[in-house]
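Down below is the structure, laid out as structure tokens.
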Amino acid sequence: MGVVTLTIDNKEVKAEEGMTVLEAAQSAGIYIPTLCHHEKLETYTACRICMVEVESRGRVRLDTACSHPVANDMVVKTRSEKINKIRKTLLELMLAHAPDSAILQEMAEEYGADKGRFEKESSFCIHCALCVRYCAEVKKKNAIGFVNSGTKREISFVPEIASQECWKCKECFPLCPTEALQAAYVLAGALTFPVAPFELR
Amino acid sequence: MDDSKIDLIIDKHHAEESALIKVLLDIQDEYGWLSPKALKRVSEKLEVPLARVQQTATFYKAFSLAPKGRHTIHVCNGTSCHLRGAQRVLDKVQELTGIKPGETDPDLKFRLEAVNCLGQCALGPVMEVDGKIYGKMSPKKAAEPLKKYE
Ligand code: SF4
Ligand code: FES
């Protein structure tokens with residue numbers, strides 16, 4: 001693997017080819033906020049909060065740091081007026097769903113996001129899919145998945161699997177940036193799951 | 001319910017993971033809906049986690065996870081019909097059948113759908129039952145045609 005040299009926030013950073021901008025930044029002690037990223041999981045780019053400005057070959061682009069590969073002579077900015085504005089709006093949208101999330105509130109303070117900007121639609125889940133992906137990729141159990149689409153999309157436990165596996169695992173709980181996961185688990189009803197957990201249409 | 005055909009459909013697509021959507025569509029065509037049993041069978045034979053089968057089955061509007069009724073009522077609420085009072089017709093049909101759009105009654109007699117144009121604007125407001133058009137509907141007139149269906 002070759003070594004590439006790039007600049008992140010005016011600091012020269014050496015990284016290995018194939019690394020993402022996020023990994024390079026982390027190795028140099030530069031902080032980029034993330035929500036859906038998890039080092040044990042495949043890149044997913046759902047939350048967009050890690051958005052950075054990337055300048056390479058004379059062009060400036062916005063992209064998600066958790067997926068953008070490093071390249072020689074690349075110049076990355078992790079904060080700018082534009083990025084701040086994007087992160088602020090993203091947070092305001094997510095806060096409409098999960099107004100009580102501690103991590104979102106903390107970020108909101110940093111970016112001056114107003115949690116009342118968009119009408120509340122407390123579904124509590126921000127669709128980061130950390131729980132779904134962790135269960136599938138790390139635990140290989142697939143006890144939890146998404147159901148429905150668009151504004152009705154939500155997580156759902158598969159009763160047959162959940163009743164066997166979840167009570168002794170629960171490793172996805174601390175991953176959730178909101179309280180949605182635990183709530184859904186509790187709601188799923190003492191693991192008896194008498195009815196189909198997805199909406200019957 | 002006779003679900004012997006589920007396996008045949010799955011085998012027709014060589015139980016391939018990539019055929020998931022096609023398999024679900026064929027089962028839906030055969031039975032009119034996707035039963036929990038069918039989803040489970042598909043998951044086992046295609047070796048796709050049930051969570052993913054559910055995700056796919058609930059994502060597309062083309063799939064129904066509840067049995068469809070013997071008769072399907074479409075009430076048009078497209079622009080023309082809407083202006084001519086389709087909403088009141090729909091309200092009445094809901095009252096008569098006891099179900100909302102997208103639902104099926106417990107006896108599996110009717111399934112109700114509100115649609116956005118049946119291409120019969122001149123006859124609006126239009127109601128359609130199993131493909132038969134009933135034009136110039138009004139809340140009063142809606143009851144009569146529905147009596148014909150068993
Ligand atoms: S329940 Fe939590 S962890 Fe799972 S997708 Fe929603 S926000 Fe992410
Ligand atoms: S952390 Fe990069 S998109 Fe979520």
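Chain labels run A, B, ... following the order of the structure tokens; each chain numbers its residues from 1, and ligands are numbered from 1 in the order shown.
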
Could you list, as a list in words, the residues of chain A having an atom within 7 Å of chain B when counting only C-alpha atoms? Asn142, Ala143, Ile144, Gly145, Phe146, Val147, Asn148, Ser149, Val158, Leu200 and Arg201 of chain A

Quick one: everything within 12 Å of range 122-126 of chain B, counting only C-alpha atoms, minus sequence neighbours fewer than 4 positions away in the same chain. Send it as JSON, numbers by chain. {"B": [73, 74, 75, 76, 77, 78, 79, 80, 81, 82, 83, 84, 85, 86, 87, 88, 89, 90, 114, 115, 116, 117, 118, 131, 132, 133, 134, 135, 136, 137, 138, 139, 141, 142]}

List as a ChimeraX atom specification the protein and nucleic acid residues lying within 12 Å of ligand 2, with only C-alpha atoms and all ligand atoms counted. /A:20-23,31-39,41-52,62-68,87,90-91,126-130,177

Write out as a PDB file with C-alpha atoms, in the first residue's frame all residues of range 3-131 of chain B that backbone DSSP assigns to strand (DSSP E or B).
ATOM      1  CA  HIS B  71     -63.869  -7.596  -4.830  1.00  0.00           C
ATOM      2  CA  THR B  72     -61.798  -4.469  -5.208  1.00  0.00           C
ATOM      3  CA  ILE B  73     -63.481  -1.084  -5.160  1.00  0.00           C
ATOM      4  CA  HIS B  74     -61.633   1.830  -6.683  1.00  0.00           C
ATOM      5  CA  VAL B  75     -63.019   5.262  -5.964  1.00  0.00           C
ATOM      6  CA  CYS B  76     -61.489   7.913  -8.148  1.00  0.00           C
ATOM      7  CA  THR B 104     -59.932  -5.070   3.456  1.00  0.00           C
ATOM      8  CA  PHE B 110     -64.261  -5.803  -0.285  1.00  0.00           C
ATOM      9  CA  ARG B 111     -60.968  -4.101  -0.547  1.00  0.00           C
ATOM     10  CA  LEU B 112     -61.130  -0.330  -0.958  1.00  0.00           C
ATOM     11  CA  GLU B 113     -58.636   1.828  -2.834  1.00  0.00           C
ATOM     12  CA  ALA B 114     -58.715   5.541  -3.545  1.00  0.00           C
ATOM     13  CA  VAL B 115     -57.070   6.190  -6.907  1.00  0.00           C
ATOM     14  CA  MET B 127     -66.399   4.270  -8.830  1.00  0.00           C
ATOM     15  CA  GLU B 128     -65.087   0.991 -10.207  1.00  0.00           C
ATOM     16  CA  VAL B 129     -65.717  -2.481  -8.816  1.00  0.00           C
TER      17      VAL B 129
END

So which residues of range 74-192 of chain A fall under helix (DSSP H, G or I) by DSSP, listed as a JSON list (two decimals) with N, CA and C atoms, in the first residue's frame?
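The result, stored in out_1.json:
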[["chain", "number", "residue", "atom", "x", "y", "z"],
["A", 81, "GLU", "N", -18.16, 27.80, 6.35],
["A", 81, "GLU", "CA", -19.49, 28.37, 6.53],
["A", 81, "GLU", "C", -20.54, 27.44, 5.91],
["A", 82, "LYS", "N", -20.18, 26.95, 4.71],
["A", 82, "LYS", "CA", -21.09, 26.08, 3.98],
["A", 82, "LYS", "C", -21.36, 24.77, 4.74],
["A", 83, "ILE", "N", -20.27, 24.16, 5.23],
["A", 83, "ILE", "CA", -20.42, 22.89, 5.96],
["A", 83, "ILE", "C", -21.23, 23.10, 7.24],
["A", 84, "ASN", "N", -20.93, 24.20, 7.94],
["A", 84, "ASN", "CA", -21.68, 24.47, 9.16],
["A", 84, "ASN", "C", -23.17, 24.55, 8.89],
["A", 85, "LYS", "N", -23.50, 25.21, 7.77],
["A", 85, "LYS", "CA", -24.91, 25.40, 7.43],
["A", 85, "LYS", "C", -25.58, 24.06, 7.11],
["A", 86, "ILE", "N", -24.84, 23.22, 6.36],
["A", 86, "ILE", "CA", -25.39, 21.90, 6.01],
["A", 86, "ILE", "C", -25.62, 21.08, 7.28],
["A", 87, "ARG", "N", -24.62, 21.08, 8.16],
["A", 87, "ARG", "CA", -24.76, 20.28, 9.38],
["A", 87, "ARG", "C", -25.90, 20.82, 10.25],
["A", 88, "LYS", "N", -26.04, 22.14, 10.26],
["A", 88, "LYS", "CA", -27.11, 22.74, 11.06],
["A", 88, "LYS", "C", -28.47, 22.24, 10.56],
["A", 89, "THR", "N", -28.68, 22.30, 9.25],
["A", 89, "THR", "CA", -29.97, 21.87, 8.69],
["A", 89, "THR", "C", -30.20, 20.37, 8.92],
["A", 90, "LEU", "N", -29.16, 19.58, 8.70],
["A", 90, "LEU", "CA", -29.29, 18.13, 8.93],
["A", 90, "LEU", "C", -29.73, 17.86, 10.37],
["A", 91, "LEU", "N", -29.09, 18.57, 11.30],
["A", 91, "LEU", "CA", -29.42, 18.36, 12.70],
["A", 91, "LEU", "C", -30.85, 18.77, 13.00],
["A", 92, "GLU", "N", -31.27, 19.88, 12.38],
["A", 92, "GLU", "CA", -32.64, 20.34, 12.62],
["A", 92, "GLU", "C", -33.66, 19.31, 12.10],
["A", 93, "LEU", "N", -33.35, 18.71, 10.96],
["A", 93, "LEU", "CA", -34.24, 17.68, 10.42],
["A", 93, "LEU", "C", -34.27, 16.45, 11.33],
["A", 94, "MET", "N", -33.09, 16.04, 11.79],
["A", 94, "MET", "CA", -33.04, 14.85, 12.64],
["A", 94, "MET", "C", -33.69, 15.11, 14.00],
["A", 95, "LEU", "N", -33.54, 16.34, 14.48],
["A", 95, "LEU", "CA", -34.13, 16.66, 15.79],
["A", 95, "LEU", "C", -35.66, 16.68, 15.74],
["A", 96, "ALA", "N", -36.21, 16.90, 14.55],
["A", 96, "ALA", "CA", -37.67, 16.83, 14.42],
["A", 96, "ALA", "C", -38.14, 15.42, 14.71],
["A", 97, "HIS", "N", -37.27, 14.44, 14.45],
["A", 97, "HIS", "CA", -37.63, 13.05, 14.71],
["A", 97, "HIS", "C", -37.25, 12.61, 16.12],
["A", 102, "ALA", "N", -29.51, 12.93, 23.19],
["A", 102, "ALA", "CA", -28.44, 13.70, 23.82],
["A", 102, "ALA", "C", -27.35, 14.07, 22.81],
["A", 103, "ILE", "N", -26.97, 13.13, 21.99],
["A", 103, "ILE", "CA", -25.88, 13.40, 21.05],
["A", 103, "ILE", "C", -26.30, 14.44, 20.01],
["A", 104, "LEU", "N", -27.55, 14.38, 19.57],
["A", 104, "LEU", "CA", -28.03, 15.38, 18.60],
["A", 104, "LEU", "C", -28.09, 16.76, 19.25],
["A", 105, "GLN", "N", -28.51, 16.80, 20.48],
["A", 105, "GLN", "CA", -28.59, 18.09, 21.18],
["A", 105, "GLN", "C", -27.22, 18.72, 21.36],
["A", 106, "GLU", "N", -26.27, 17.85, 21.67],
["A", 106, "GLU", "CA", -24.91, 18.32, 21.85],
["A", 106, "GLU", "C", -24.38, 18.93, 20.54],
["A", 107, "MET", "N", -24.62, 18.22, 19.44],
["A", 107, "MET", "CA", -24.19, 18.72, 18.14],
["A", 107, "MET", "C", -24.96, 19.99, 17.78],
["A", 108, "ALA", "N", -26.22, 20.02, 18.13],
["A", 108, "ALA", "CA", -27.06, 21.18, 17.81],
["A", 108, "ALA", "C", -26.48, 22.44, 18.44],
["A", 109, "GLU", "N", -25.97, 22.29, 19.63],
["A", 109, "GLU", "CA", -25.38, 23.43, 20.31],
["A", 109, "GLU", "C", -24.16, 23.93, 19.54],
["A", 110, "GLU", "N", -23.36, 22.99, 19.11],
["A", 110, "GLU", "CA", -22.15, 23.33, 18.37],
["A", 110, "GLU", "C", -22.48, 24.09, 17.07],
["A", 111, "TYR", "N", -23.54, 23.68, 16.39],
["A", 111, "TYR", "CA", -23.84, 24.26, 15.07],
["A", 111, "TYR", "C", -25.01, 25.24, 15.11],
["A", 130, "LEU", "N", -27.57, 1.71, 12.29],
["A", 130, "LEU", "CA", -26.49, 1.08, 13.06],
["A", 130, "LEU", "C", -26.98, -0.24, 13.66],
["A", 131, "CYS", "N", -28.18, -0.21, 14.21],
["A", 131, "CYS", "CA", -28.70, -1.43, 14.85],
["A", 131, "CYS", "C", -28.89, -2.54, 13.81],
["A", 132, "VAL", "N", -29.50, -2.18, 12.69],
["A", 132, "VAL", "CA", -29.79, -3.15, 11.64],
["A", 132, "VAL", "C", -28.50, -3.74, 11.08],
["A", 133, "ARG", "N", -27.53, -2.86, 10.81],
["A", 133, "ARG", "CA", -26.29, -3.33, 10.20],
["A", 133, "ARG", "C", -25.45, -4.12, 11.19],
["A", 134, "TYR", "N", -25.42, -3.68, 12.45],
["A", 134, "TYR", "CA", -24.63, -4.39, 13.45],
["A", 134, "TYR", "C", -25.15, -5.83, 13.62],
["A", 135, "CYS", "N", -26.47, -5.94, 13.68],
["A", 135, "CYS", "CA", -27.08, -7.26, 13.85],
["A", 135, "CYS", "C", -26.78, -8.15, 12.64],
["A", 136, "ALA", "N", -26.78, -7.56, 11.45],
["A", 136, "ALA", "CA", -26.54, -8.35, 10.25],
["A", 136, "ALA", "C", -25.06, -8.64, 10.03],
["A", 137, "GLU", "N", -24.23, -7.60, 10.18],
["A", 137, "GLU", "CA", -22.83, -7.74, 9.79],
["A", 137, "GLU", "C", -21.95, -8.33, 10.88],
["A", 138, "VAL", "N", -22.16, -7.90, 12.12],
["A", 138, "VAL", "CA", -21.28, -8.39, 13.19],
["A", 138, "VAL", "C", -21.86, -9.64, 13.84],
["A", 150, "GLY", "N", -40.28, 5.52, 2.83],
["A", 150, "GLY", "CA", -40.52, 6.95, 2.96],
["A", 150, "GLY", "C", -40.69, 7.37, 4.40],
["A", 151, "THR", "N", -41.68, 8.23, 4.64],
["A", 151, "THR", "CA", -41.86, 8.76, 5.99],
["A", 151, "THR", "C", -42.34, 7.69, 6.98],
["A", 152, "LYS", "N", -42.75, 6.54, 6.45],
["A", 152, "LYS", "CA", -43.25, 5.49, 7.35],
["A", 152, "LYS", "C", -42.19, 4.46, 7.70],
["A", 159, "PRO", "N", -39.88, -11.38, 15.03],
["A", 159, "PRO", "CA", -40.24, -12.06, 16.28],
["A", 159, "PRO", "C", -39.52, -13.39, 16.50],
["A", 160, "GLU", "N", -39.55, -14.27, 15.50],
["A", 160, "GLU", "CA", -38.97, -15.60, 15.69],
["A", 160, "GLU", "C", -37.51, -15.54, 16.09],
["A", 161, "ILE", "N", -36.78, -14.61, 15.46],
["A", 161, "ILE", "CA", -35.35, -14.54, 15.75],
["A", 161, "ILE", "C", -35.11, -13.77, 17.05],
["A", 162, "ALA", "N", -35.84, -12.65, 17.20],
["A", 162, "ALA", "CA", -35.63, -11.81, 18.37],
["A", 162, "ALA", "C", -35.88, -12.57, 19.66],
["A", 163, "SER", "N", -36.91, -13.41, 19.67],
["A", 163, "SER", "CA", -37.24, -14.11, 20.91],
["A", 163, "SER", "C", -36.15, -15.11, 21.28],
["A", 164, "GLN", "N", -35.38, -15.56, 20.30],
["A", 164, "GLN", "CA", -34.28, -16.49, 20.57],
["A", 164, "GLN", "C", -33.00, -15.77, 20.96],
["A", 165, "GLU", "N", -32.73, -14.65, 20.25],
["A", 165, "GLU", "CA", -31.39, -14.06, 20.32],
["A", 165, "GLU", "C", -31.26, -12.81, 21.17],
["A", 166, "CYS", "N", -32.28, -11.92, 21.09],
["A", 166, "CYS", "CA", -32.06, -10.55, 21.57],
["A", 166, "CYS", "C", -31.83, -10.44, 23.07],
["A", 167, "TRP", "N", -32.59, -11.19, 23.85],
["A", 167, "TRP", "CA", -32.51, -11.00, 25.30],
["A", 167, "TRP", "C", -31.11, -11.23, 25.83],
["A", 168, "LYS", "N", -30.32, -12.06, 25.17],
["A", 168, "LYS", "CA", -28.98, -12.32, 25.69],
["A", 168, "LYS", "C", -27.91, -11.45, 25.01],
["A", 169, "CYS", "N", -28.33, -10.66, 24.02],
["A", 169, "CYS", "CA", -27.34, -9.86, 23.28],
["A", 169, "CYS", "C", -27.47, -8.37, 23.60],
["A", 173, "PHE", "N", -28.20, -1.85, 21.50],
["A", 173, "PHE", "CA", -28.78, -0.75, 22.29],
["A", 173, "PHE", "C", -27.87, 0.47, 22.42],
["A", 174, "PRO", "N", -26.63, 0.28, 22.91],
["A", 174, "PRO", "CA", -25.78, 1.47, 23.11],
["A", 174, "PRO", "C", -25.35, 2.14, 21.80],
["A", 175, "LEU", "N", -25.57, 1.48, 20.66],
["A", 175, "LEU", "CA", -25.16, 2.10, 19.39],
["A", 175, "LEU", "C", -26.13, 3.19, 18.96],
["A", 180, "ALA", "N", -34.75, 5.35, 20.23],
["A", 180, "ALA", "CA", -35.72, 4.59, 19.44],
["A", 180, "ALA", "C", -35.58, 3.08, 19.58],
["A", 181, "LEU", "N", -34.35, 2.64, 19.59],
["A", 181, "LEU", "CA", -34.10, 1.21, 19.55],
["A", 181, "LEU", "C", -34.65, 0.50, 20.77],
["A", 182, "GLN", "N", -34.29, 1.05, 21.93],
["A", 182, "GLN", "CA", -34.73, 0.42, 23.16],
["A", 182, "GLN", "C", -36.25, 0.45, 23.26],
["A", 183, "ALA", "N", -36.81, 1.59, 22.86],
["A", 183, "ALA", "CA", -38.26, 1.74, 22.91],
["A", 183, "ALA", "C", -38.93, 0.68, 22.04],
["A", 184, "ALA", "N", -38.37, 0.49, 20.84],
["A", 184, "ALA", "CA", -38.97, -0.49, 19.92],
["A", 184, "ALA", "C", -38.88, -1.89, 20.50],
["A", 185, "TYR", "N", -37.78, -2.14, 21.17],
["A", 185, "TYR", "CA", -37.57, -3.46, 21.75],
["A", 185, "TYR", "C", -38.60, -3.72, 22.85],
["A", 186, "VAL", "N", -38.76, -2.71, 23.69],
["A", 186, "VAL", "CA", -39.71, -2.85, 24.78],
["A", 186, "VAL", "C", -41.12, -2.99, 24.22],
["A", 187, "LEU", "N", -41.40, -2.14, 23.23],
["A", 187, "LEU", "CA", -42.71, -2.16, 22.60],
["A", 187, "LEU", "C", -42.98, -3.52, 21.96]]

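Between CA of Ser156 in chain A and CA of Glu47 in chain B the interatomic distance comes to 19.5 Å.
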
Which value, in Å to one decimal, gives the distance between CA of Ser80 in chain A and CA of Lys11 in chain A? 15.5 Å
